[in-house]
Amino acid sequence: MPISLEPEATHARILADPVGVLEEWMANPDYSASYLIITASQKAEIDALGIMPAGSLDAIEATLLTSPRFEALFHTDDATVFTLVDTEVGS
């Protein structure tokens, strides 16, 4: 589900706390795995169309790259694929 299609209030929540909000979304127990993909074309679209403030996806990506809750499975200038790190012990 594209972040860009979410309501503006959700954009604000994600920008204020990308790790917390995206972790909440991706930790859904109904799915065995989830991935967040951020591409250069998504960044260009968001910036060009003003869907979110310019640089929003760059900021989200930078935050997730430094978060211990997320792992970048693939990372180039063209795309980054994140997964949520499983830290549950004894479950």
# chains A, B, ... in the order shown; residues from 1 in each chain; ligands from 1
>>> residues_around(residues="Ile14 (chain A)", least_positions_apart="6", cutoff="12 Å", atoms="only C-alpha atoms", output="list in words")
Ile3, Ser4, Glu6, Pro7, Glu8, Gly20, Val21, Leu22, Glu23, Glu24, Trp25, Met52, Ser56, Leu57, Ala59, Ile60, Glu61, Thr63 and Leu64 of chain A
>>> write_last_selection(atoms="C-alpha atoms", output="short mmCIF file (atom, residue, chain, number, x, y, z; two decimals), in the first residue's frame")
data_model
loop_
_atom_site.label_atom_id
_atom_site.label_comp_id
_atom_site.auth_asym_id
_atom_site.auth_seq_id
_atom_site.Cartn_x
_atom_site.Cartn_y
_atom_site.Cartn_z
CA ILE A 3 2.27 5.77 1.61
CA SER A 4 1.49 8.47 -0.95
CA GLU A 6 -2.65 7.60 2.60
CA PRO A 7 -4.46 10.70 3.97
CA GLU A 8 -2.41 13.78 4.88
CA GLY A 20 6.90 3.67 15.26
CA VAL A 21 4.19 3.99 12.62
CA LEU A 22 5.78 1.71 10.03
CA GLU A 23 6.68 -0.85 12.68
CA GLU A 24 3.03 -0.87 13.77
CA TRP A 25 1.90 -1.44 10.19
CA MET A 52 4.28 15.07 0.79
CA SER A 56 9.99 13.10 2.85
CA LEU A 57 10.90 9.66 1.53
CA ALA A 59 14.06 11.35 5.48
CA ILE A 60 12.00 8.21 6.14
CA GLU A 61 14.62 6.05 4.41
CA THR A 63 15.65 7.11 9.66
CA LEU A 64 14.89 3.46 8.92
#
>>> closest_residue(among="A:Met1, A:Val85, A:Val19, A:Ala12", to="Ile51 (chain A)", atoms="only C-alpha atoms")
A:Ala12
>>> select_by_dssp(residues="chain A", states="alpha helix (DSSP H)", output="ChimeraX atom specification")
/A:8-16,18-26,40-49,56-66
>>> closest_residue(among="A:Leu73, A:Val81, A:Ile38, A:Ala16", to="Asp58 (chain A)", atoms="only C-alpha atoms")
A:Ile38
>>> atom_distance(atom1="CA of Pro18 (chain A)", atom2="CA of Phe70 (chain A)")
10.8 Å
>>> atom_distance(atom1="CA of Asp17 (chain A)", atom2="CA of Pro2 (chain A)")
17.1 Å
>>> residues_around(residues="Ala40 (chain A)", least_positions_apart="2", cutoff="9 Å", atoms="only C-alpha atoms", output="list in words")
Ile38, Gln42, Lys43, Ala44, Glu45, Asp77, Asp78, Ala79 and Thr80 of chain A
>>> atom_distance(atom1="CA of Tyr35 (chain A)", atom2="CA of Leu15 (chain A)")
18.3 Å
>>> select_by_dssp(residues="chain A", states="strand (DSSP E)", output="list in words")
Tyr35, Leu36, Ile37, Ile38, Thr39, Phe70, Glu71, Ala72, Leu73, Phe74, His75, Ala79, Thr80, Val81, Phe82, Thr83 and Leu84 of chain A
>>> write_last_selection(atoms="N, CA and C atoms", output="JSON list (two decimals), in the first residue's frame")
[["chain", "number", "residue", "atom", "x", "y", "z"],
["A", 35, "TYR", "N", 7.31, -6.08, 3.78],
["A", 35, "TYR", "CA", 8.45, -5.36, 3.24],
["A", 35, "TYR", "C", 8.03, -3.93, 2.92],
["A", 36, "LEU", "N", 8.94, -3.00, 3.14],
["A", 36, "LEU", "CA", 8.74, -1.62, 2.74],
["A", 36, "LEU", "C", 9.75, -1.33, 1.65],
["A", 37, "ILE", "N", 9.27, -0.88, 0.51],
["A", 37, "ILE", "CA", 10.14, -0.59, -0.62],
["A", 37, "ILE", "C", 10.08, 0.90, -0.90],
["A", 38, "ILE", "N", 11.24, 1.53, -0.94],
["A", 38, "ILE", "CA", 11.34, 2.94, -1.29],
["A", 38, "ILE", "C", 12.24, 3.03, -2.51],
["A", 39, "THR", "N", 11.71, 3.61, -3.59],
["A", 39, "THR", "CA", 12.48, 3.70, -4.83],
["A", 39, "THR", "C", 12.76, 5.15, -5.20],
["A", 70, "PHE", "N", 14.61, -1.99, 11.95],
["A", 70, "PHE", "CA", 14.48, -2.29, 10.53],
["A", 70, "PHE", "C", 15.81, -2.77, 9.96],
["A", 71, "GLU", "N", 15.71, -3.67, 9.00],
["A", 71, "GLU", "CA", 16.89, -4.16, 8.29],
["A", 71, "GLU", "C", 16.70, -3.87, 6.80],
["A", 72, "ALA", "N", 17.74, -3.32, 6.19],
["A", 72, "ALA", "CA", 17.72, -3.10, 4.75],
["A", 72, "ALA", "C", 18.19, -4.39, 4.08],
["A", 73, "LEU", "N", 17.28, -5.08, 3.41],
["A", 73, "LEU", "CA", 17.62, -6.32, 2.72],
["A", 73, "LEU", "C", 18.33, -6.04, 1.40],
["A", 74, "PHE", "N", 18.05, -4.86, 0.84],
["A", 74, "PHE", "CA", 18.62, -4.45, -0.44],
["A", 74, "PHE", "C", 18.71, -2.94, -0.38],
["A", 75, "HIS", "N", 19.87, -2.38, -0.80],
["A", 75, "HIS", "CA", 20.01, -0.93, -0.73],
["A", 75, "HIS", "C", 20.96, -0.46, -1.83],
["A", 79, "ALA", "N", 16.87, 1.87, -5.10],
["A", 79, "ALA", "CA", 15.82, 1.31, -4.25],
["A", 79, "ALA", "C", 16.39, 0.78, -2.94],
["A", 80, "THR", "N", 15.54, 0.77, -1.94],
["A", 80, "THR", "CA", 15.86, 0.14, -0.66],
["A", 80, "THR", "C", 14.65, -0.70, -0.27],
["A", 81, "VAL", "N", 14.93, -1.93, 0.16],
["A", 81, "VAL", "CA", 13.88, -2.84, 0.62],
["A", 81, "VAL", "C", 14.15, -3.11, 2.09],
["A", 82, "PHE", "N", 13.17, -2.76, 2.93],
["A", 82, "PHE", "CA", 13.28, -2.94, 4.37],
["A", 82, "PHE", "C", 12.39, -4.07, 4.84],
["A", 83, "THR", "N", 12.81, -4.71, 5.91],
["A", 83, "THR", "CA", 11.95, -5.63, 6.63],
["A", 83, "THR", "C", 12.05, -5.27, 8.11],
["A", 84, "LEU", "N", 11.08, -5.67, 8.86],
["A", 84, "LEU", "CA", 11.07, -5.45, 10.29],
["A", 84, "LEU", "C", 11.91, -6.52, 10.96]]
